[in-house]
>>> print(open('coords-v9.cif').read())   # mmCIF, C-alpha atoms; chains and numbers go by the auth columns
data_structure
#
loop_
_atom_site.group_PDB
_atom_site.id
_atom_site.type_symbol
_atom_site.label_atom_id
_atom_site.label_comp_id
_atom_site.label_asym_id
_atom_site.label_seq_id
_atom_site.Cartn_x
_atom_site.Cartn_y
_atom_site.Cartn_z
_atom_site.B_iso_or_equiv
_atom_site.auth_seq_id
_atom_site.auth_asym_id
ATOM 1 C CA MET A 1 11.359 -4.163 6.644 0.00 1 E
ATOM 2 C CA ALA A 2 8.282 -6.345 7.074 0.00 2 E
ATOM 3 C CA VAL A 3 4.947 -5.526 5.469 0.00 3 E
ATOM 4 C CA LEU A 4 2.662 -3.875 8.025 0.00 4 E
ATOM 5 C CA THR A 5 -1.027 -4.549 8.456 0.00 5 E
ATOM 6 C CA ILE A 6 -2.661 -1.125 8.406 0.00 6 E
ATOM 7 C CA ASN A 7 -6.071 -0.572 9.982 0.00 7 E
ATOM 8 C CA ASN A 8 -8.132 2.222 11.525 0.00 8 E
ATOM 9 C CA GLU A 9 -6.248 2.019 14.822 0.00 9 E
ATOM 10 C CA ASN A 10 -2.717 2.455 13.440 0.00 10 E
ATOM 11 C CA PHE A 11 -3.376 4.415 10.209 0.00 11 E
ATOM 12 C CA ASP A 12 -2.475 7.868 11.527 0.00 12 E
ATOM 13 C CA LYS A 13 0.668 6.685 13.304 0.00 13 E
ATOM 14 C CA GLU A 14 2.011 4.396 10.564 0.00 14 E
ATOM 15 C CA VAL A 15 0.883 6.325 7.469 0.00 15 E
ATOM 16 C CA LEU A 16 -0.012 9.968 8.015 0.00 16 E
ATOM 17 C CA ASN A 17 2.721 10.599 10.608 0.00 17 E
ATOM 18 C CA SER A 18 5.424 8.527 8.900 0.00 18 E
ATOM 19 C CA ASN A 19 8.729 10.278 8.258 0.00 19 E
ATOM 20 C CA ILE A 20 9.380 8.033 5.225 0.00 20 E
ATOM 21 C CA PRO A 21 7.173 7.358 2.169 0.00 21 E
ATOM 22 C CA VAL A 22 4.463 4.734 2.632 0.00 22 E
ATOM 23 C CA LEU A 23 3.251 2.323 -0.052 0.00 23 E
ATOM 24 C CA LEU A 24 -0.303 1.211 0.703 0.00 24 E
ATOM 25 C CA ASP A 25 -1.647 -1.960 -0.894 0.00 25 E
ATOM 26 C CA PHE A 26 -5.453 -2.005 -0.807 0.00 26 E
ATOM 27 C CA TRP A 27 -6.395 -5.680 -1.188 0.00 27 E
ATOM 28 C CA ALA A 28 -8.811 -8.481 -0.224 0.00 28 E
ATOM 29 C CA SER A 29 -8.243 -12.157 0.517 0.00 29 E
ATOM 30 C CA TRP A 30 -10.635 -13.277 -2.257 0.00 30 E
ATOM 31 C CA CYS A 31 -8.938 -11.136 -4.954 0.00 31 E
ATOM 32 C CA GLY A 32 -6.882 -13.143 -7.481 0.00 32 E
ATOM 33 C CA PRO A 33 -4.852 -10.189 -8.785 0.00 33 E
ATOM 34 C CA CYS A 34 -4.118 -9.183 -5.157 0.00 34 E
ATOM 35 C CA LYS A 35 -2.690 -12.657 -4.533 0.00 35 E
ATOM 36 C CA MET A 36 -0.562 -12.299 -7.683 0.00 36 E
ATOM 37 C CA MET A 37 0.898 -9.053 -6.325 0.00 37 E
ATOM 38 C CA LEU A 38 1.714 -10.450 -2.864 0.00 38 E
ATOM 39 C CA PRO A 39 5.288 -11.568 -3.736 0.00 39 E
ATOM 40 C CA VAL A 40 5.948 -8.235 -5.481 0.00 40 E
ATOM 41 C CA VAL A 41 4.784 -6.256 -2.451 0.00 41 E
ATOM 42 C CA ASP A 42 6.850 -8.462 -0.129 0.00 42 E
ATOM 43 C CA GLU A 43 9.918 -8.004 -2.329 0.00 43 E
ATOM 44 C CA ILE A 44 9.522 -4.213 -2.351 0.00 44 E
ATOM 45 C CA ALA A 45 9.283 -4.215 1.452 0.00 45 E
ATOM 46 C CA GLU A 46 12.404 -6.374 1.688 0.00 46 E
ATOM 47 C CA THR A 47 14.573 -4.601 -0.905 0.00 47 E
ATOM 48 C CA MET A 48 13.640 -0.994 -0.120 0.00 48 E
ATOM 49 C CA GLY A 49 14.552 -1.547 3.526 0.00 49 E
ATOM 50 C CA GLU A 50 14.331 1.487 5.769 0.00 50 E
ATOM 51 C CA LYS A 51 13.656 3.940 2.903 0.00 51 E
ATOM 52 C CA VAL A 52 9.997 2.987 2.468 0.00 52 E
ATOM 53 C CA LYS A 53 7.240 1.639 4.691 0.00 53 E
ATOM 54 C CA VAL A 54 4.912 -0.902 3.059 0.00 54 E
ATOM 55 C CA GLY A 55 1.446 -1.480 4.443 0.00 55 E
ATOM 56 C CA LYS A 56 -1.512 -3.610 3.431 0.00 56 E
ATOM 57 C CA ILE A 57 -5.099 -2.498 3.981 0.00 57 E
ATOM 58 C CA ASN A 58 -7.777 -5.180 3.722 0.00 58 E
ATOM 59 C CA VAL A 59 -10.731 -3.411 2.086 0.00 59 E
ATOM 60 C CA ASP A 60 -13.215 -5.846 3.660 0.00 60 E
ATOM 61 C CA GLU A 61 -11.935 -5.087 7.167 0.00 61 E
ATOM 62 C CA CYS A 62 -11.377 -1.329 6.635 0.00 62 E
ATOM 63 C CA PRO A 63 -13.985 -0.153 4.116 0.00 63 E
ATOM 64 C CA ASP A 64 -13.850 3.403 5.467 0.00 64 E
ATOM 65 C CA LEU A 65 -10.132 3.701 4.594 0.00 65 E
ATOM 66 C CA ALA A 66 -10.857 2.344 1.109 0.00 66 E
ATOM 67 C CA GLN A 67 -13.637 4.907 0.745 0.00 67 E
ATOM 68 C CA LYS A 68 -11.441 7.731 2.064 0.00 68 E
ATOM 69 C CA TYR A 69 -8.931 7.007 -0.716 0.00 69 E
ATOM 70 C CA ASN A 70 -11.618 6.373 -3.367 0.00 70 E
ATOM 71 C CA VAL A 71 -10.508 2.790 -3.940 0.00 71 E
ATOM 72 C CA MET A 72 -12.940 1.308 -6.472 0.00 72 E
ATOM 73 C CA THR A 73 -10.782 -1.539 -7.806 0.00 73 E
ATOM 74 C CA ILE A 74 -8.281 -3.807 -6.113 0.00 74 E
ATOM 75 C CA PRO A 75 -5.439 -4.102 -5.920 0.00 75 E
ATOM 76 C CA THR A 76 -4.859 -0.369 -5.674 0.00 76 E
ATOM 77 C CA PHE A 77 -1.440 0.943 -4.656 0.00 77 E
ATOM 78 C CA VAL A 78 -1.228 4.411 -3.120 0.00 78 E
ATOM 79 C CA VAL A 79 1.953 6.250 -2.125 0.00 79 E
ATOM 80 C CA ILE A 80 1.698 8.650 0.823 0.00 80 E
ATOM 81 C CA LYS A 81 4.496 11.118 1.582 0.00 81 E
ATOM 82 C CA ASN A 82 4.203 13.545 4.491 0.00 82 E
ATOM 83 C CA GLY A 83 0.520 12.666 4.866 0.00 83 E
ATOM 84 C CA THR A 84 -0.326 13.434 1.229 0.00 84 E
ATOM 85 C CA GLU A 85 -1.022 11.082 -1.681 0.00 85 E
ATOM 86 C CA THR A 86 1.746 11.432 -4.276 0.00 86 E
ATOM 87 C CA GLY A 87 1.069 8.465 -6.527 0.00 87 E
ATOM 88 C CA ARG A 88 -1.403 5.727 -7.403 0.00 88 E
ATOM 89 C CA THR A 89 -1.674 2.727 -9.657 0.00 89 E
ATOM 90 C CA ILE A 90 -4.353 0.071 -10.041 0.00 90 E
ATOM 91 C CA GLY A 91 -4.227 -3.616 -10.906 0.00 91 E
ATOM 92 C CA VAL A 92 -1.385 -6.028 -11.488 0.00 92 E
ATOM 93 C CA GLN A 93 1.828 -4.054 -12.018 0.00 93 E
ATOM 94 C CA ALA A 94 5.488 -4.808 -12.562 0.00 94 E
ATOM 95 C CA LYS A 95 7.681 -4.194 -9.529 0.00 95 E
ATOM 96 C CA SER A 96 9.468 -1.442 -11.471 0.00 96 E
ATOM 97 C CA GLU A 97 6.194 0.461 -11.959 0.00 97 E
ATOM 98 C CA ILE A 98 5.450 0.485 -8.234 0.00 98 E
ATOM 99 C CA VAL A 99 9.028 1.386 -7.315 0.00 99 E
ATOM 100 C CA ALA A 100 8.854 4.279 -9.810 0.00 100 E
ATOM 101 C CA LEU A 101 5.804 5.646 -7.938 0.00 101 E
ATOM 102 C CA LEU A 102 7.907 5.771 -4.781 0.00 102 E
ATOM 103 C CA GLY A 103 10.421 8.077 -6.468 0.00 103 E
#
>>> encode(input="coords-v9.cif", output="structure tokens")
Amino acid sequence: MAVLTINNENFDKEVLNSNIPVLLDFWASWCGPCKMMLPVVDEIAETMGEKVKVGKINVDECPDLAQKYNVMTIPTFVVIKNGTETGRTIGVQAKSEIVALLG
């Protein structure tokens, strides 16, 4: 499954109303660690297939979503299941750490 661009317009539909877990990557284009995590996020989206939805939220374009989830540092990865946050990790992480958050 491809990585989705999540914004204010599609957040409820793609994240809160999703019937599968959603991994949100809060990032910015100027963030070095975010760029380092890009291949990891892409690989998770590709290997986890239909079991998980992966979305990226640009904190510069959607500051209200970053504020809603208290994102103070990027990259921040948040897992949402059934509309509720079930996991979070911050900074550069191994793929296995992020996959473990997904359950």
>>> resolve_selection(input="coords-v9.cif", expression="the PyMOL selection byres ((chain E and resi 76) around 10)", output="PDB file with C-alpha atoms, in the frame of the given file")
ATOM      1  CA  LEU E  24      -0.303   1.211   0.703  1.00  0.00           C
ATOM      2  CA  ASP E  25      -1.647  -1.960  -0.894  1.00  0.00           C
ATOM      3  CA  PHE E  26      -5.453  -2.005  -0.807  1.00  0.00           C
ATOM      4  CA  TRP E  27      -6.395  -5.680  -1.188  1.00  0.00           C
ATOM      5  CA  CYS E  34      -4.118  -9.183  -5.157  1.00  0.00           C
ATOM      6  CA  ILE E  57      -5.099  -2.498   3.981  1.00  0.00           C
ATOM      7  CA  ALA E  66     -10.857   2.344   1.109  1.00  0.00           C
ATOM      8  CA  TYR E  69      -8.931   7.007  -0.716  1.00  0.00           C
ATOM      9  CA  ASN E  70     -11.618   6.373  -3.367  1.00  0.00           C
ATOM     10  CA  VAL E  71     -10.508   2.790  -3.940  1.00  0.00           C
ATOM     11  CA  MET E  72     -12.940   1.308  -6.472  1.00  0.00           C
ATOM     12  CA  THR E  73     -10.782  -1.539  -7.806  1.00  0.00           C
ATOM     13  CA  ILE E  74      -8.281  -3.807  -6.113  1.00  0.00           C
ATOM     14  CA  PRO E  75      -5.439  -4.102  -5.920  1.00  0.00           C
ATOM     15  CA  PHE E  77      -1.440   0.943  -4.656  1.00  0.00           C
ATOM     16  CA  VAL E  78      -1.228   4.411  -3.120  1.00  0.00           C
ATOM     17  CA  ARG E  88      -1.403   5.727  -7.403  1.00  0.00           C
ATOM     18  CA  THR E  89      -1.674   2.727  -9.657  1.00  0.00           C
ATOM     19  CA  ILE E  90      -4.353   0.071 -10.041  1.00  0.00           C
ATOM     20  CA  GLY E  91      -4.227  -3.616 -10.906  1.00  0.00           C
ATOM     21  CA  VAL E  92      -1.385  -6.028 -11.488  1.00  0.00           C
ATOM     22  CA  GLN E  93       1.828  -4.054 -12.018  1.00  0.00           C
TER      23      GLN E  93
END
>>> axis_aligned_box(input="coords-v9.cif", around="region 12-24 of chain E", padding_each_side="5 Å", output="lines of an AutoDock Vina configuration file")
center_x = 3.5
center_y = 5.9
center_z = 6.6
size_x = 21.9
size_y = 19.4
size_z = 23.4
>>> resolve_selection(input="coords-v9.cif", expression="the PyMOL selection byres ((chain E and resi 95) around 8)", output="list in words")
Val40, Val41, Ile44, Gln93, Ala94, Ser96, Glu97, Ile98 and Val99 of chain E
>>> residues_around(input="coords-v9.cif", residues="Glu46 (chain E)", least_positions_apart="2", cutoff="9 Å", atoms="only C-alpha atoms", output="MDAnalysis selection string")
chainID E and resid 1:3 41:44 48:49
>>> atom_distance(input="coords-v9.cif", atom1="CA of Leu102 (chain E)", atom2="CA of Leu16 (chain E)")
15.6 Å
>>> residues_near_point(input="coords-v9.cif", point="(8.8, 2.6, 4.8)", cutoff="8 Å", atoms="only C-alpha atoms", output="list in words")
Met1, Ser18, Ile20, Pro21, Val22, Leu23, Ala45, Met48, Gly49, Glu50, Lys51, Val52, Lys53 and Val54 of chain E
>>> atom_distance(input="coords-v9.cif", atom1="CA of Asn17 (chain E)", atom2="CA of Gly83 (chain E)")
6.5 Å
>>> residues_around(input="coords-v9.cif", residues="Glu61 (chain E)", least_positions_apart="6", cutoff="10 Å", atoms="all atoms listed in the file", output="PyMOL selection string")
chain E and resi 7-8+28
>>> write_last_selection(input="coords-v9.cif", atoms="C-alpha atoms", output="PDB file, in the coordinates of the input")
ATOM      1  CA  ASN E   7      -6.071  -0.572   9.982  1.00  0.00           C
ATOM      2  CA  ASN E   8      -8.132   2.222  11.525  1.00  0.00           C
ATOM      3  CA  ALA E  28      -8.811  -8.481  -0.224  1.00  0.00           C
TER       4      ALA E  28
END
>>> atom_distance(input="coords-v9.cif", atom1="CA of Cys31 (chain E)", atom2="CA of Lys56 (chain E)")
13.5 Å
>>> closest_residue(input="coords-v9.cif", among="E:Asn82, E:Gly87, E:Asn58, E:Lys68", to="Thr5 (chain E)", atoms="all atoms listed in the file")
E:Asn58
>>> closest_residue(input="coords-v9.cif", among="E:Phe11, E:Asp60, E:Leu4, E:Gly55", to="Trp30 (chain E)", atoms="all atoms listed in the file")
E:Asp60
>>> closest_residue(input="coords-v9.cif", among="E:Ile6, E:Val15, E:Leu65, E:Val59", to="Lys81 (chain E)", atoms="all atoms listed in the file")
E:Val15
>>> decode(input="coords-v9.cif", residues="region 30-73 of chain E", atoms="N, CA and C atoms", output="JSON list (two decimals), in the first residue's frame")
[["chain", "number", "residue", "atom", "x", "y", "z"],
["E", 30, "TRP", "N", 12.35, 20.04, 5.69],
["E", 30, "TRP", "CA", 13.67, 20.55, 6.08],
["E", 30, "TRP", "C", 14.34, 19.70, 7.17],
["E", 31, "CYS", "N", 13.66, 18.65, 7.64],
["E", 31, "CYS", "CA", 14.12, 17.85, 8.78],
["E", 31, "CYS", "C", 15.01, 16.70, 8.33],
["E", 32, "GLY", "N", 16.29, 16.75, 8.70],
["E", 32, "GLY", "CA", 17.24, 15.69, 8.33],
["E", 32, "GLY", "C", 16.84, 14.31, 8.84],
["E", 33, "PRO", "N", 16.52, 14.17, 10.13],
["E", 33, "PRO", "CA", 16.10, 12.86, 10.62],
["E", 33, "PRO", "C", 14.84, 12.34, 9.91],
["E", 34, "CYS", "N", 13.94, 13.25, 9.53],
["E", 34, "CYS", "CA", 12.73, 12.84, 8.79],
["E", 34, "CYS", "C", 13.12, 12.23, 7.45],
["E", 35, "LYS", "N", 14.09, 12.85, 6.79],
["E", 35, "LYS", "CA", 14.57, 12.33, 5.50],
["E", 35, "LYS", "C", 15.22, 10.95, 5.69],
["E", 36, "MET", "N", 15.92, 10.77, 6.80],
["E", 36, "MET", "CA", 16.54, 9.47, 7.09],
["E", 36, "MET", "C", 15.49, 8.38, 7.26],
["E", 37, "MET", "N", 14.33, 8.75, 7.80],
["E", 37, "MET", "CA", 13.28, 7.77, 8.06],
["E", 37, "MET", "C", 12.40, 7.47, 6.85],
["E", 38, "LEU", "N", 12.50, 8.28, 5.80],
["E", 38, "LEU", "CA", 11.66, 8.11, 4.62],
["E", 38, "LEU", "C", 11.70, 6.69, 4.04],
["E", 39, "PRO", "N", 12.90, 6.10, 3.81],
["E", 39, "PRO", "CA", 12.90, 4.73, 3.27],
["E", 39, "PRO", "C", 12.30, 3.70, 4.24],
["E", 40, "VAL", "N", 12.44, 3.93, 5.53],
["E", 40, "VAL", "CA", 11.88, 3.01, 6.53],
["E", 40, "VAL", "C", 10.35, 3.07, 6.48],
["E", 41, "VAL", "N", 9.82, 4.28, 6.42],
["E", 41, "VAL", "CA", 8.37, 4.46, 6.36],
["E", 41, "VAL", "C", 7.82, 3.84, 5.07],
["E", 42, "ASP", "N", 8.51, 4.08, 3.96],
["E", 42, "ASP", "CA", 8.08, 3.50, 2.68],
["E", 42, "ASP", "C", 8.10, 1.98, 2.73],
["E", 43, "GLU", "N", 9.12, 1.42, 3.36],
["E", 43, "GLU", "CA", 9.24, -0.04, 3.45],
["E", 43, "GLU", "C", 8.13, -0.63, 4.32],
["E", 44, "ILE", "N", 7.80, 0.04, 5.40],
["E", 44, "ILE", "CA", 6.70, -0.43, 6.26],
["E", 44, "ILE", "C", 5.40, -0.43, 5.47],
["E", 45, "ALA", "N", 5.15, 0.64, 4.72],
["E", 45, "ALA", "CA", 3.93, 0.72, 3.92],
["E", 45, "ALA", "C", 3.89, -0.41, 2.89],
["E", 46, "GLU", "N", 5.04, -0.72, 2.29],
["E", 46, "GLU", "CA", 5.09, -1.75, 1.27],
["E", 46, "GLU", "C", 4.96, -3.16, 1.86],
["E", 47, "THR", "N", 5.66, -3.43, 2.95],
["E", 47, "THR", "CA", 5.68, -4.79, 3.50],
["E", 47, "THR", "C", 4.46, -5.14, 4.35],
["E", 48, "MET", "N", 3.84, -4.14, 4.97],
["E", 48, "MET", "CA", 2.70, -4.44, 5.83],
["E", 48, "MET", "C", 1.40, -4.52, 5.03],
["E", 49, "GLY", "N", 1.48, -4.13, 3.76],
["E", 49, "GLY", "CA", 0.37, -4.31, 2.84],
["E", 49, "GLY", "C", -0.95, -3.74, 3.31],
["E", 50, "GLU", "N", -1.97, -4.59, 3.29],
["E", 50, "GLU", "CA", -3.33, -4.17, 3.62],
["E", 50, "GLU", "C", -3.62, -4.18, 5.12],
["E", 51, "LYS", "N", -2.65, -4.60, 5.95],
["E", 51, "LYS", "CA", -2.87, -4.71, 7.38],
["E", 51, "LYS", "C", -2.76, -3.37, 8.11],
["E", 52, "VAL", "N", -2.02, -2.44, 7.49],
["E", 52, "VAL", "CA", -1.74, -1.15, 8.13],
["E", 52, "VAL", "C", -1.81, -0.05, 7.07],
["E", 53, "LYS", "N", -2.34, 1.09, 7.47],
["E", 53, "LYS", "CA", -2.33, 2.28, 6.62],
["E", 53, "LYS", "C", -1.22, 3.18, 7.12],
["E", 54, "VAL", "N", -0.41, 3.71, 6.22],
["E", 54, "VAL", "CA", 0.69, 4.60, 6.59],
["E", 54, "VAL", "C", 0.43, 5.97, 5.98],
["E", 55, "GLY", "N", 0.46, 6.98, 6.84],
["E", 55, "GLY", "CA", 0.22, 8.34, 6.38],
["E", 55, "GLY", "C", 1.27, 9.30, 6.89],
["E", 56, "LYS", "N", 1.58, 10.30, 6.07],
["E", 56, "LYS", "CA", 2.54, 11.33, 6.44],
["E", 56, "LYS", "C", 1.79, 12.64, 6.63],
["E", 57, "ILE", "N", 2.11, 13.34, 7.72],
["E", 57, "ILE", "CA", 1.53, 14.64, 7.99],
["E", 57, "ILE", "C", 2.67, 15.66, 8.05],
["E", 58, "ASN", "N", 2.67, 16.60, 7.12],
["E", 58, "ASN", "CA", 3.66, 17.66, 7.10],
["E", 58, "ASN", "C", 3.27, 18.69, 8.17],
["E", 59, "VAL", "N", 4.13, 18.84, 9.18],
["E", 59, "VAL", "CA", 3.79, 19.71, 10.31],
["E", 59, "VAL", "C", 3.75, 21.19, 9.91],
["E", 60, "ASP", "N", 4.44, 21.56, 8.83],
["E", 60, "ASP", "CA", 4.40, 22.94, 8.36],
["E", 60, "ASP", "C", 3.08, 23.24, 7.65],
["E", 61, "GLU", "N", 2.52, 22.25, 7.00],
["E", 61, "GLU", "CA", 1.26, 22.43, 6.27],
["E", 61, "GLU", "C", 0.03, 22.17, 7.15],
["E", 62, "CYS", "N", 0.20, 21.37, 8.20],
["E", 62, "CYS", "CA", -0.93, 21.01, 9.08],
["E", 62, "CYS", "C", -0.54, 21.20, 10.54],
["E", 63, "PRO", "N", -0.21, 22.44, 10.94],
["E", 63, "PRO", "CA", 0.23, 22.64, 12.33],
["E", 63, "PRO", "C", -0.84, 22.31, 13.36],
["E", 64, "ASP", "N", -2.11, 22.44, 12.98],
["E", 64, "ASP", "CA", -3.18, 22.13, 13.94],
["E", 64, "ASP", "C", -3.24, 20.64, 14.25],
["E", 65, "LEU", "N", -2.95, 19.77, 13.27],
["E", 65, "LEU", "CA", -2.91, 18.33, 13.54],
["E", 65, "LEU", "C", -1.71, 18.00, 14.42],
["E", 66, "ALA", "N", -0.58, 18.66, 14.17],
["E", 66, "ALA", "CA", 0.60, 18.45, 15.03],
["E", 66, "ALA", "C", 0.29, 18.88, 16.46],
["E", 67, "GLN", "N", -0.40, 19.99, 16.60],
["E", 67, "GLN", "CA", -0.76, 20.48, 17.94],
["E", 67, "GLN", "C", -1.76, 19.54, 18.61],
["E", 68, "LYS", "N", -2.73, 19.07, 17.85],
["E", 68, "LYS", "CA", -3.74, 18.15, 18.41],
["E", 68, "LYS", "C", -3.09, 16.92, 19.02],
["E", 69, "TYR", "N", -2.01, 16.44, 18.39],
["E", 69, "TYR", "CA", -1.32, 15.24, 18.88],
["E", 69, "TYR", "C", -0.06, 15.58, 19.68],
["E", 70, "ASN", "N", 0.06, 16.84, 20.11],
["E", 70, "ASN", "CA", 1.17, 17.28, 20.96],
["E", 70, "ASN", "C", 2.53, 16.90, 20.39],
["E", 71, "VAL", "N", 2.70, 17.10, 19.10],
["E", 71, "VAL", "CA", 3.98, 16.80, 18.45],
["E", 71, "VAL", "C", 4.91, 17.99, 18.68],
["E", 72, "MET", "N", 5.98, 17.74, 19.44],
["E", 72, "MET", "CA", 6.94, 18.79, 19.77],
["E", 72, "MET", "C", 8.27, 18.59, 19.04],
["E", 73, "THR", "N", 8.52, 17.36, 18.60],
["E", 73, "THR", "CA", 9.76, 16.99, 17.94],
["E", 73, "THR", "C", 9.41, 16.15, 16.73]]
